[in-house]
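What follows is the content of upload-v7.txt, which has compact mmCIF, N, CA and C atoms:
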```
# COMPACT_ATOMS: atom_id res chain seq x y z
N MET S 1250 0.84 -1.18 0.00
CA MET S 1250 0.00 0.00 0.00
C MET S 1250 0.88 1.25 0.00
N THR S 1251 0.40 2.26 -0.66
CA THR S 1251 1.13 3.52 -0.67
C THR S 1251 0.86 4.27 0.63
N ASP S 1252 1.65 5.30 0.88
CA ASP S 1252 1.46 6.10 2.09
C ASP S 1252 0.08 6.74 2.13
N ARG S 1253 -0.38 7.17 0.98
CA ARG S 1253 -1.70 7.80 0.92
C ARG S 1253 -2.81 6.80 1.25
N GLN S 1254 -2.68 5.57 0.76
CA GLN S 1254 -3.67 4.54 1.06
C GLN S 1254 -3.65 4.18 2.54
N LEU S 1255 -2.46 4.08 3.13
CA LEU S 1255 -2.35 3.78 4.56
C LEU S 1255 -2.99 4.88 5.39
N GLU S 1256 -2.75 6.12 5.00
CA GLU S 1256 -3.34 7.24 5.73
C GLU S 1256 -4.86 7.23 5.61
N SER S 1257 -5.37 6.96 4.43
CA SER S 1257 -6.82 6.90 4.23
C SER S 1257 -7.44 5.76 5.04
N ALA S 1258 -6.77 4.61 5.06
CA ALA S 1258 -7.28 3.47 5.82
C ALA S 1258 -7.28 3.77 7.31
N ALA S 1259 -6.24 4.43 7.80
CA ALA S 1259 -6.17 4.78 9.22
C ALA S 1259 -7.29 5.76 9.58
N LYS S 1260 -7.52 6.75 8.74
CA LYS S 1260 -8.60 7.71 8.99
C LYS S 1260 -9.96 7.03 8.97
N PHE S 1261 -10.14 6.11 8.03
CA PHE S 1261 -11.40 5.38 7.93
C PHE S 1261 -11.64 4.56 9.19
N LEU S 1262 -10.61 3.87 9.68
CA LEU S 1262 -10.77 3.07 10.89
C LEU S 1262 -11.09 3.94 12.11
N CYS S 1263 -10.47 5.11 12.19
CA CYS S 1263 -10.79 6.03 13.29
C CYS S 1263 -12.24 6.49 13.20
N ASP S 1264 -12.70 6.80 12.01
CA ASP S 1264 -14.09 7.21 11.83
C ASP S 1264 -15.06 6.08 12.16
N MET S 1265 -14.69 4.86 11.79
CA MET S 1265 -15.53 3.70 12.13
C MET S 1265 -15.60 3.51 13.64
N ALA S 1266 -14.48 3.69 14.32
CA ALA S 1266 -14.46 3.56 15.77
C ALA S 1266 -15.38 4.59 16.42
N LYS S 1267 -15.33 5.82 15.92
CA LYS S 1267 -16.21 6.86 16.45
C LYS S 1267 -17.67 6.51 16.19
N GLY S 1268 -17.96 6.01 15.00
CA GLY S 1268 -19.33 5.64 14.66
C GLY S 1268 -19.87 4.52 15.53
N VAL S 1269 -19.05 3.51 15.75
CA VAL S 1269 -19.48 2.39 16.61
C VAL S 1269 -19.74 2.90 18.02
N GLY S 1270 -18.84 3.73 18.51
CA GLY S 1270 -19.03 4.28 19.85
C GLY S 1270 -20.28 5.12 19.97
N LEU S 1271 -20.50 5.98 19.01
CA LEU S 1271 -21.67 6.86 19.08
C LEU S 1271 -22.97 6.10 18.92
N ILE S 1272 -23.03 5.26 17.91
CA ILE S 1272 -24.29 4.58 17.62
C ILE S 1272 -24.65 3.57 18.70
N THR S 1273 -23.70 2.75 19.07
CA THR S 1273 -24.00 1.66 19.99
C THR S 1273 -24.06 2.12 21.44
N VAL S 1274 -23.04 2.80 21.88
CA VAL S 1274 -22.98 3.17 23.29
C VAL S 1274 -23.89 4.35 23.60
N VAL S 1275 -23.64 5.48 22.96
CA VAL S 1275 -24.40 6.68 23.27
C VAL S 1275 -25.86 6.53 22.85
N GLY S 1276 -26.09 6.03 21.64
CA GLY S 1276 -27.46 5.85 21.17
C GLY S 1276 -28.24 4.87 22.02
N GLY S 1277 -27.61 3.77 22.37
CA GLY S 1277 -28.29 2.77 23.20
C GLY S 1277 -28.57 3.28 24.60
N LEU S 1278 -27.63 3.99 25.17
CA LEU S 1278 -27.84 4.53 26.52
C LEU S 1278 -28.89 5.63 26.52
N ALA S 1279 -28.90 6.45 25.48
CA ALA S 1279 -29.88 7.54 25.42
C ALA S 1279 -31.30 7.01 25.25
N SER S 1280 -31.45 5.95 24.47
CA SER S 1280 -32.79 5.41 24.25
C SER S 1280 -33.21 4.43 25.33
N GLY S 1281 -32.26 4.02 26.16
CA GLY S 1281 -32.58 3.08 27.24
C GLY S 1281 -32.70 1.64 26.77
N GLN S 1282 -32.24 1.35 25.56
CA GLN S 1282 -32.37 0.00 25.02
C GLN S 1282 -31.05 -0.75 24.96
N SER S 1283 -30.04 -0.28 25.67
CA SER S 1283 -28.75 -0.95 25.60
C SER S 1283 -28.65 -2.00 26.70
N SER S 1284 -27.91 -3.04 26.39
CA SER S 1284 -27.63 -4.07 27.39
C SER S 1284 -26.14 -4.05 27.68
N SER S 1285 -25.76 -4.69 28.75
CA SER S 1285 -24.33 -4.70 29.08
C SER S 1285 -23.53 -5.43 28.02
N THR S 1286 -24.14 -6.41 27.36
CA THR S 1286 -23.45 -7.13 26.29
C THR S 1286 -23.19 -6.21 25.10
N SER S 1287 -24.17 -5.44 24.69
CA SER S 1287 -23.97 -4.56 23.53
C SER S 1287 -22.98 -3.44 23.84
N VAL S 1288 -23.03 -2.92 25.06
CA VAL S 1288 -22.08 -1.88 25.44
C VAL S 1288 -20.67 -2.46 25.50
N GLY S 1289 -20.53 -3.65 26.06
CA GLY S 1289 -19.22 -4.31 26.11
C GLY S 1289 -18.67 -4.59 24.73
N PHE S 1290 -19.51 -5.09 23.84
CA PHE S 1290 -19.08 -5.35 22.47
C PHE S 1290 -18.66 -4.07 21.78
N ALA S 1291 -19.41 -3.00 21.98
CA ALA S 1291 -19.08 -1.73 21.35
C ALA S 1291 -17.75 -1.19 21.85
N ILE S 1292 -17.50 -1.33 23.11
CA ILE S 1292 -16.23 -0.85 23.67
C ILE S 1292 -15.07 -1.66 23.10
N VAL S 1293 -15.23 -2.98 23.04
CA VAL S 1293 -14.18 -3.83 22.47
C VAL S 1293 -13.96 -3.50 21.00
N ALA S 1294 -15.03 -3.33 20.25
CA ALA S 1294 -14.91 -3.01 18.82
C ALA S 1294 -14.25 -1.65 18.61
N THR S 1295 -14.61 -0.68 19.43
CA THR S 1295 -14.03 0.65 19.32
C THR S 1295 -12.53 0.61 19.60
N VAL S 1296 -12.14 -0.08 20.65
CA VAL S 1296 -10.72 -0.20 20.98
C VAL S 1296 -9.97 -0.93 19.88
N ALA S 1297 -10.55 -1.98 19.34
CA ALA S 1297 -9.89 -2.74 18.27
C ALA S 1297 -9.72 -1.88 17.01
N LEU S 1298 -10.72 -1.11 16.65
CA LEU S 1298 -10.62 -0.24 15.48
C LEU S 1298 -9.57 0.85 15.67
N TYR S 1299 -9.55 1.46 16.88
CA TYR S 1299 -8.53 2.47 17.15
C TYR S 1299 -7.13 1.85 17.14
N ALA S 1300 -7.00 0.64 17.70
CA ALA S 1300 -5.69 -0.02 17.72
C ALA S 1300 -5.21 -0.30 16.29
N ALA S 1301 -6.11 -0.75 15.43
CA ALA S 1301 -5.74 -0.99 14.03
C ALA S 1301 -5.33 0.31 13.34
N ALA S 1302 -6.04 1.39 13.64
CA ALA S 1302 -5.70 2.68 13.03
C ALA S 1302 -4.34 3.16 13.50
N PHE S 1303 -4.06 3.04 14.79
CA PHE S 1303 -2.76 3.47 15.30
C PHE S 1303 -1.65 2.58 14.77
N TRP S 1304 -1.92 1.30 14.57
CA TRP S 1304 -0.93 0.41 13.99
C TRP S 1304 -0.60 0.84 12.56
N LEU S 1305 -1.64 1.18 11.80
CA LEU S 1305 -1.41 1.65 10.42
C LEU S 1305 -0.64 2.97 10.42
N GLU S 1306 -0.95 3.85 11.34
CA GLU S 1306 -0.23 5.12 11.40
C GLU S 1306 1.23 4.90 11.78
N GLY S 1307 1.49 3.94 12.65
CA GLY S 1307 2.86 3.61 13.00
C GLY S 1307 3.60 3.02 11.83
N LYS S 1308 2.91 2.22 11.04
CA LYS S 1308 3.50 1.64 9.83
C LYS S 1308 3.79 2.73 8.81
N LEU S 1309 2.98 3.76 8.82
CA LEU S 1309 3.15 4.89 7.90
C LEU S 1309 4.42 5.67 8.23
N GLU S 1310 4.72 5.81 9.52
CA GLU S 1310 5.88 6.59 9.94
C GLU S 1310 7.19 5.86 9.70
N SER S 1311 7.16 4.53 9.67
CA SER S 1311 8.43 3.79 9.52
C SER S 1311 8.81 3.55 8.08
```
What would the structure in this file look like if it were written as structure tokens?
Amino acid sequence: MTDRQLESAAKFLCDMAKGVGLITVVGGLASGQSSSTSVGFAIVATVALYAAAFWLEGKLES
């Protein structure tokens, strides 16, 4: 992958992490329809997406 593609992929993963966090955690808590399982899954997914984005950004710098 080129540097531009890596940067785009990292930005996309960060945006996906934000989306998962907002939709699942905040949306579920605001509507009162969230369960501990869905909140836990959302937190794990958000952390995994951010970790992948930071890994790509680290790969971009080296």
**Study point:** S:Phe1303, S:Ser1284, S:Ala1291, S:Leu1298 ranked by distance to Val1269 of chain S, top pick (using all atoms listed in the file)
**Key:**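 Smallest separation from Val1269 of chain S among the options: S:Ala1291.
As for atom CA of Ala1301 of chain S and atom C of Ile1272 of chain S, they are spaced 20.0 Å apart.
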Which residues come within 12 Å of segment 1252-1256 of chain S, counting only C-alpha atoms, excluding same-chain residues fewer than 6 positions away, as a PDB file with N, CA and C atoms, in the frame of the given file?
```
ATOM      1  N   LEU S1262     -10.610   3.870   9.680  1.00  0.00           N
ATOM      2  CA  LEU S1262     -10.770   3.070  10.890  1.00  0.00           C
ATOM      3  C   LEU S1262     -11.090   3.940  12.110  1.00  0.00           C
ATOM      4  N   CYS S1263     -10.470   5.110  12.190  1.00  0.00           N
ATOM      5  CA  CYS S1263     -10.790   6.030  13.290  1.00  0.00           C
ATOM      6  C   CYS S1263     -12.240   6.490  13.200  1.00  0.00           C
ATOM      7  N   ALA S1301      -6.110  -0.750  15.430  1.00  0.00           N
ATOM      8  CA  ALA S1301      -5.740  -0.990  14.030  1.00  0.00           C
ATOM      9  C   ALA S1301      -5.330   0.310  13.340  1.00  0.00           C
ATOM     10  N   ALA S1302      -6.040   1.390  13.640  1.00  0.00           N
ATOM     11  CA  ALA S1302      -5.700   2.680  13.030  1.00  0.00           C
ATOM     12  C   ALA S1302      -4.340   3.160  13.500  1.00  0.00           C
ATOM     13  N   PHE S1303      -4.060   3.040  14.790  1.00  0.00           N
ATOM     14  CA  PHE S1303      -2.760   3.470  15.300  1.00  0.00           C
ATOM     15  C   PHE S1303      -1.650   2.580  14.770  1.00  0.00           C
ATOM     16  N   TRP S1304      -1.920   1.300  14.570  1.00  0.00           N
ATOM     17  CA  TRP S1304      -0.930   0.410  13.990  1.00  0.00           C
ATOM     18  C   TRP S1304      -0.600   0.840  12.560  1.00  0.00           C
ATOM     19  N   LEU S1305      -1.640   1.180  11.800  1.00  0.00           N
ATOM     20  CA  LEU S1305      -1.410   1.650  10.420  1.00  0.00           C
ATOM     21  C   LEU S1305      -0.640   2.970  10.420  1.00  0.00           C
ATOM     22  N   GLU S1306      -0.950   3.850  11.340  1.00  0.00           N
ATOM     23  CA  GLU S1306      -0.230   5.120  11.400  1.00  0.00           C
ATOM     24  C   GLU S1306       1.230   4.900  11.780  1.00  0.00           C
ATOM     25  N   GLY S1307       1.490   3.940  12.650  1.00  0.00           N
ATOM     26  CA  GLY S1307       2.860   3.610  13.000  1.00  0.00           C
ATOM     27  C   GLY S1307       3.600   3.020  11.830  1.00  0.00           C
ATOM     28  N   LYS S1308       2.910   2.220  11.040  1.00  0.00           N
ATOM     29  CA  LYS S1308       3.500   1.640   9.830  1.00  0.00           C
ATOM     30  C   LYS S1308       3.790   2.730   8.810  1.00  0.00           C
ATOM     31  N   LEU S1309       2.980   3.760   8.820  1.00  0.00           N
ATOM     32  CA  LEU S1309       3.150   4.890   7.900  1.00  0.00           C
ATOM     33  C   LEU S1309       4.420   5.670   8.230  1.00  0.00           C
ATOM     34  N   GLU S1310       4.720   5.810   9.520  1.00  0.00           N
ATOM     35  CA  GLU S1310       5.880   6.590   9.940  1.00  0.00           C
ATOM     36  C   GLU S1310       7.190   5.860   9.700  1.00  0.00           C
ATOM     37  N   SER S1311       7.160   4.530   9.670  1.00  0.00           N
ATOM     38  CA  SER S1311       8.430   3.790   9.520  1.00  0.00           C
ATOM     39  C   SER S1311       8.810   3.550   8.080  1.00  0.00           C
TER      40      SER S1311
END
```
Centre and edge lengths, as lines of an AutoDock Vina configuration file, for the axis-aligned box enclosing every listed atom of segment 1261-1264 of chain S with 8 Å of padding on each of the six sides, in Å to one decimal?
```
center_x = -12.6
center_y = 5.1
center_z = 10.6
size_x = 20.9
size_y = 20.1
size_z = 21.4
```
Point to revise | One-decimal distance in Å that lies between atom C of Ser1287 of chain S and atom CA of Val1274 of chain S | key: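 Computing the Euclidean distance for atom CA of Val1274 of chain S and atom C of Ser1287 of chain S yields 6.6 Å.
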key: Members of chain S assigned alpha helix (DSSP H) by DSSP, as a PyMOL selection string   = chain S and resi 1252-1269+1276-1280+1285-1310
Notebook entry, point to check: Any idea what the distance is between atom CA of Val1275 of chain S and atom N of Gly1289 of chain S?
Noted result: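 Taking atom CA of Val1275 of chain S and atom N of Gly1289 of chain S, their separation equals 11.4 Å.
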- Excluding same-chain residues fewer than 3 positions from Thr1273 of chain S, what lies within 8 Å of it counting only N, CA and C atoms, as a list in words? Lys1267, Gly1268, Val1269, Gly1270, Gly1276, Gly1277, Leu1278, Ala1279, Ser1283, Ser1287, Val1288, Ala1291 and Ile1292 of chain S
Would you output that residue set with N, CA and C atoms, as a PDB file, in the coordinates of the input?
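Full text of again19.pdb as output:
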```pdb
ATOM      1  N   LYS S1267     -15.330   5.820  15.920  1.00  0.00           N
ATOM      2  CA  LYS S1267     -16.210   6.860  16.450  1.00  0.00           C
ATOM      3  C   LYS S1267     -17.670   6.510  16.190  1.00  0.00           C
ATOM      4  N   GLY S1268     -17.960   6.010  15.000  1.00  0.00           N
ATOM      5  CA  GLY S1268     -19.330   5.640  14.660  1.00  0.00           C
ATOM      6  C   GLY S1268     -19.870   4.520  15.530  1.00  0.00           C
ATOM      7  N   VAL S1269     -19.050   3.510  15.750  1.00  0.00           N
ATOM      8  CA  VAL S1269     -19.480   2.390  16.610  1.00  0.00           C
ATOM      9  C   VAL S1269     -19.740   2.900  18.020  1.00  0.00           C
ATOM     10  N   GLY S1270     -18.840   3.730  18.510  1.00  0.00           N
ATOM     11  CA  GLY S1270     -19.030   4.280  19.850  1.00  0.00           C
ATOM     12  C   GLY S1270     -20.280   5.120  19.970  1.00  0.00           C
ATOM     13  N   GLY S1276     -26.090   6.030  21.640  1.00  0.00           N
ATOM     14  CA  GLY S1276     -27.460   5.850  21.170  1.00  0.00           C
ATOM     15  C   GLY S1276     -28.240   4.870  22.020  1.00  0.00           C
ATOM     16  N   GLY S1277     -27.610   3.770  22.370  1.00  0.00           N
ATOM     17  CA  GLY S1277     -28.290   2.770  23.200  1.00  0.00           C
ATOM     18  C   GLY S1277     -28.570   3.280  24.600  1.00  0.00           C
ATOM     19  N   LEU S1278     -27.630   3.990  25.170  1.00  0.00           N
ATOM     20  CA  LEU S1278     -27.840   4.530  26.520  1.00  0.00           C
ATOM     21  C   LEU S1278     -28.890   5.630  26.520  1.00  0.00           C
ATOM     22  N   ALA S1279     -28.900   6.450  25.480  1.00  0.00           N
ATOM     23  CA  ALA S1279     -29.880   7.540  25.420  1.00  0.00           C
ATOM     24  C   ALA S1279     -31.300   7.010  25.250  1.00  0.00           C
ATOM     25  N   SER S1283     -30.040  -0.280  25.670  1.00  0.00           N
ATOM     26  CA  SER S1283     -28.750  -0.950  25.600  1.00  0.00           C
ATOM     27  C   SER S1283     -28.650  -2.000  26.700  1.00  0.00           C
ATOM     28  N   SER S1287     -24.170  -5.440  24.690  1.00  0.00           N
ATOM     29  CA  SER S1287     -23.970  -4.560  23.530  1.00  0.00           C
ATOM     30  C   SER S1287     -22.980  -3.440  23.840  1.00  0.00           C
ATOM     31  N   VAL S1288     -23.030  -2.920  25.060  1.00  0.00           N
ATOM     32  CA  VAL S1288     -22.080  -1.880  25.440  1.00  0.00           C
ATOM     33  C   VAL S1288     -20.670  -2.460  25.500  1.00  0.00           C
ATOM     34  N   ALA S1291     -19.410  -3.000  21.980  1.00  0.00           N
ATOM     35  CA  ALA S1291     -19.080  -1.730  21.350  1.00  0.00           C
ATOM     36  C   ALA S1291     -17.750  -1.190  21.850  1.00  0.00           C
ATOM     37  N   ILE S1292     -17.500  -1.330  23.110  1.00  0.00           N
ATOM     38  CA  ILE S1292     -16.230  -0.850  23.670  1.00  0.00           C
ATOM     39  C   ILE S1292     -15.070  -1.660  23.100  1.00  0.00           C
TER      40      ILE S1292
END
```
